[in-house]
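Enquirer: Could you have a look at this structure, given as structure tokens, before my questions?
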Amino acid sequence: MLYFLYQFASINLFQYITVRAGLAFFLAFVLTIYLMPKFIKWAQSQNANQPIYSLAPQTHQKKSKTPTMGGLVFFAAAIIAVLICARINNFFVLSAMTCIILFGLIGMKDDLSKILGKNNSAGLTPKAKMLAQIGASAIVGIMLYFLTDLDTDFFIPFYKYPLFDMKLFALVFWILVMVSSSNAVNLTDGLDGLATVPSILSLLSLGVFVYVGGNAVLSGYLLLPKIGGSGEVVIVATAVMGSLVGFLWFNCYPAEIFMGDSGSLSIGAFIGYMAIISKNEILLILIGFVFVLETVSVILQVGSFKTRKKRIFLMAPIHHHFEVKGWPENKIIVRFWIISLMSNLLALTALKVR
């Protein structure tokens with residue numbers, strides 16, 4: 001909407017992505033701060049509470065009355081901000097919003113099933129959830145492949161030339177990235193604010209890469225792949241970041257509301273989407289290091305138990321391991337935030353070290 005004011009009313013300020021991105025951030029933040037208390041009050045009246053796993057640490061049982069599905073609110077705020085600030089006729093923006101909405105619907109279905117069933121096991125089956133995620137990723141991948149100028153070259157961090165052209169296999173690879181990222185954030189969302197801050201930092205780092213890649217001068221100077229038109233997605237990223245900062249106001253320890261799968265699945269998928277359009281699919285391992293750490297801990301735990309009948313960690317994902325060891329919850333959260341900050345600062349060196 002604001003961009004069209006530049007086109008038709010000659011308000012030159014709105015031609016700049018940075019200006020509209022900043023406005024999107026603050027608009028999404030304010031909307032989330034305004035809407036979230038109302039949603040919390042409504043969710044409490046409807047007993048839309050987060051069911052707690054019976055095997056979770058005992059400290060979690062006191063959270064059984066905490067409302068969930070906060071992801072619906074902060075993504076609604078982000079989408080409103082995007083509709084106002086971004087160029088909606090940009091196919092990168094359209095595919096980004098499709099990614100957020102489709103994964104949000106999957107998460108909402110899972111959350112509602114758990115709430116109505118009063119049990120964490122009442123949600124979508126792992127097979128059904130995976131098939132839905134693959135389907136959603138395929139739709140987004142097809143949009144990127146056929147409707148945008150995104151090429152299918154494969155890049156690795158700290159090297160300025162593509163290794164090879166993935167051609168049609170790129171669709172399979174992009175699906176893998178979005179599904180993996182979505183589930184990684186979902187696994188991390190187990191403590192108050194634990195997934196929120198690493199998500200903000202990941203989107204900030206990827207937003208920098210997307211902005212540079214969408215700018216012909218900056219991408220040429222820094223030897224980054226030029227992705228025409230992708231810079232507009234920075235506005236989507238800042239809108240999501242603003243809404244997440246607003247959500248953190250209520251989600252920080254002790255949380256007044258959880259994001260639920262409707263939030264974590266969408267955030268993870270969108271982070272994966274940002275990595276794809278910036279050609280940073282492999283660097284995402286460093287950008288989302290906390291998410292990778294949590295996922296690997298689950299894989300190792302399950303693999304070890306199935307093959308050796310022994311557990312590596314006291315409980316997985318790994319944040320539960322430290323809980324069982326007796327670490328206070330807020331100490332675990334802040335230390336994981338620090339790890340995420342450090343890993344993202346290292347990842348940003350790839351802007352220049354190539």
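Chain identifiers are assigned as A, B, and so on, following the order in which chains appear in the structure tokens; residues are numbered from 1 within each chain, and ligands are numbered from 1 in order of appearance.
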Any idea what's packed within 8 Å of segment 324-328 of chain A, counting only C-alpha atoms, ignoring anything in its chain fewer than 4 positions away? Could you give it as a list in words?
Expert: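 What passes the distance filter is Pro57, Leu314, Met315, His320 and Ile332 of chain A.
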Enquirer: For the selection you just gave me, I'd like the residues written to a file as a compact mmCIF listing (two decimals), in the first residue's frame, keeping all heavy atoms.
Expert:
# COMPACT_ATOMS: atom_id res chain seq x y z
N PRO A 57 9.66 -32.54 32.40
CA PRO A 57 10.10 -32.25 33.78
C PRO A 57 8.95 -31.72 34.63
O PRO A 57 8.07 -31.03 34.14
CB PRO A 57 11.18 -31.18 33.56
CG PRO A 57 11.70 -31.43 32.18
CD PRO A 57 10.52 -31.90 31.39
N LEU A 314 19.97 -37.00 29.54
CA LEU A 314 18.97 -37.32 30.55
C LEU A 314 17.58 -37.19 29.97
O LEU A 314 16.65 -37.92 30.35
CB LEU A 314 19.14 -36.39 31.76
CG LEU A 314 20.46 -36.52 32.52
CD1 LEU A 314 20.56 -35.46 33.62
CD2 LEU A 314 20.59 -37.92 33.11
N MET A 315 17.40 -36.23 29.04
CA MET A 315 16.14 -36.05 28.32
C MET A 315 16.42 -35.22 27.09
O MET A 315 17.34 -34.39 27.09
CB MET A 315 15.10 -35.36 29.22
CG MET A 315 13.70 -35.29 28.60
SD MET A 315 12.49 -34.53 29.72
CE MET A 315 12.30 -35.85 30.91
N HIS A 320 15.91 -29.87 27.83
CA HIS A 320 15.34 -30.66 28.93
C HIS A 320 16.44 -31.39 29.71
O HIS A 320 16.30 -31.63 30.91
CB HIS A 320 14.34 -31.68 28.40
CG HIS A 320 13.05 -31.07 27.94
ND1 HIS A 320 12.45 -30.02 28.60
CD2 HIS A 320 12.25 -31.37 26.88
CE1 HIS A 320 11.33 -29.71 27.97
NE2 HIS A 320 11.19 -30.50 26.93
N ILE A 332 19.01 -21.51 31.43
CA ILE A 332 19.09 -22.26 30.18
C ILE A 332 18.71 -21.36 29.00
O ILE A 332 19.40 -21.31 27.98
CB ILE A 332 18.16 -23.49 30.22
CG1 ILE A 332 18.56 -24.43 31.36
CG2 ILE A 332 18.20 -24.24 28.89
CD1 ILE A 332 17.54 -25.52 31.64
Enquirer: Assign secondary structure with DSSP using the backbone only, and return the residues of segment 32-126 of chain A in alpha helix (DSSP H) as a PyMOL selection string.
Expert: chain A and resi 32-45+71-85+91-117+126
Enquirer: Using DSSP on the backbone coordinates, identify all residues within segment 120-325 of chain A classified as strand (DSSP E); present the result as a list in words.
Expert: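 Going through segment 120-325 of chain A, the strand (DSSP E) residues come out as Asp153, Phe154, Phe164 and Asp165 of chain A.
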Enquirer: Which is closest to Met69 of chain A among A:Met130, A:Met36, A:Val93, A:Leu163, if we use only C-alpha atoms?
Expert: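 The closest residue to Met69 of chain A is A:Met36.
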Enquirer: For Ile40 of chain A, find every residue with an atom within 12 Å (counting only C-alpha atoms), except residues of its own chain fewer than 2 positions away, and show them as a ChimeraX atom specification.
Expert: /A:32-38,42-49,65-73,247,250-251,255-259
Enquirer: Near segment 15-25 of chain A, counting only C-alpha atoms, which residues have an atom at most 10 Å away, once you skip same-chain residues fewer than 6 positions from it, shown as a ChimeraX atom specification?
Expert: /A:2-7,77-87,211,231-246
Enquirer: With C-alpha atoms kept, could you save the residues just selected as an mmCIF file, in the first residue's frame?
Expert:
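Wrote it out as result_31.cif, contents follow:
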data_model
loop_
_atom_site.group_PDB
_atom_site.id
_atom_site.type_symbol
_atom_site.label_atom_id
_atom_site.label_comp_id
_atom_site.auth_asym_id
_atom_site.auth_seq_id
_atom_site.Cartn_x
_atom_site.Cartn_y
_atom_site.Cartn_z
ATOM 1 C CA LEU A 2 2.723 2.462 0.968
ATOM 2 C CA TYR A 3 4.738 1.611 -2.153
ATOM 3 C CA PHE A 4 1.780 2.536 -4.334
ATOM 4 C CA LEU A 5 1.650 5.907 -2.589
ATOM 5 C CA TYR A 6 5.160 6.406 -3.952
ATOM 6 C CA GLN A 7 4.057 5.362 -7.439
ATOM 7 C CA ALA A 77 -0.059 -8.731 13.046
ATOM 8 C CA ALA A 78 2.865 -9.437 10.711
ATOM 9 C CA ILE A 79 0.601 -10.090 7.723
ATOM 10 C CA ILE A 80 -1.318 -6.853 8.300
ATOM 11 C CA ALA A 81 1.996 -4.972 8.449
ATOM 12 C CA VAL A 82 3.150 -6.638 5.222
ATOM 13 C CA LEU A 83 -0.088 -5.789 3.419
ATOM 14 C CA ILE A 84 0.392 -2.133 4.359
ATOM 15 C CA CYS A 85 4.142 -1.804 3.786
ATOM 16 C CA ALA A 86 5.228 -4.273 1.093
ATOM 17 C CA ARG A 87 4.701 -4.594 -2.649
ATOM 18 C CA TYR A 211 18.689 -7.197 1.306
ATOM 19 C CA GLY A 231 14.928 -7.503 -1.383
ATOM 20 C CA GLU A 232 11.225 -6.782 -0.871
ATOM 21 C CA VAL A 233 11.041 -9.859 1.409
ATOM 22 C CA VAL A 234 13.078 -7.910 3.967
ATOM 23 C CA ILE A 235 9.794 -6.144 4.779
ATOM 24 C CA VAL A 236 8.165 -9.504 5.540
ATOM 25 C CA ALA A 237 11.136 -10.428 7.719
ATOM 26 C CA THR A 238 11.069 -7.191 9.716
ATOM 27 C CA ALA A 239 7.298 -7.492 10.162
ATOM 28 C CA VAL A 240 7.753 -10.991 11.611
ATOM 29 C CA MET A 241 10.632 -9.758 13.775
ATOM 30 C CA GLY A 242 8.539 -6.868 15.107
ATOM 31 C CA SER A 243 5.657 -9.192 15.945
ATOM 32 C CA LEU A 244 8.071 -11.612 17.644
ATOM 33 C CA VAL A 245 9.519 -8.825 19.782
ATOM 34 C CA GLY A 246 5.963 -7.929 20.778
#
Enquirer: Contacts of Ala195 of chain A at 8 Å or less, counting only C-alpha atoms, minus same-chain residues fewer than 6 places along, as a list in words?
Expert: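 Listing them by chain and then by number gives Val185, Thr188, Asp189 and Ser264 of chain A.
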Enquirer: How would the residues just picked look written out with C-alpha atoms as a short mmCIF file (atom, residue, chain, number, x, y, z; two decimals), in the first residue's frame?
Expert:
data_model
loop_
_atom_site.label_atom_id
_atom_site.label_comp_id
_atom_site.auth_asym_id
_atom_site.auth_seq_id
_atom_site.Cartn_x
_atom_site.Cartn_y
_atom_site.Cartn_z
CA VAL A 185 12.15 -24.53 15.57
CA THR A 188 13.24 -25.82 20.30
CA ASP A 189 9.99 -24.24 21.47
CA SER A 264 6.82 -22.39 15.66
#
Enquirer: I'd like the contact shell of Ala350 of chain A - 10 Å cut-off, only C-alpha atoms, skipping same-chain residues fewer than 4 positions apart - returned as an NGL selection string.
Expert: :A and (157-160 or 209 or 222 or 224 or 280 or 283 or 345-346 or 354)
Enquirer: Using only C-alpha atoms, which of A:Cys252, A:Leu147, A:Leu112, A:Cys99 sits nearest Val179 of chain A?
Expert: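 Answer, going by the shortest atom-to-atom distance: A:Cys99.
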Enquirer: Would you list the contacts of Ile333 of chain A as a ChimeraX atom specification, taking every protein, DNA or RNA residue within 8 Å and counting only C-alpha atoms, but skipping same-chain residues closer than 6 positions in sequence?
Expert: /A:191-194
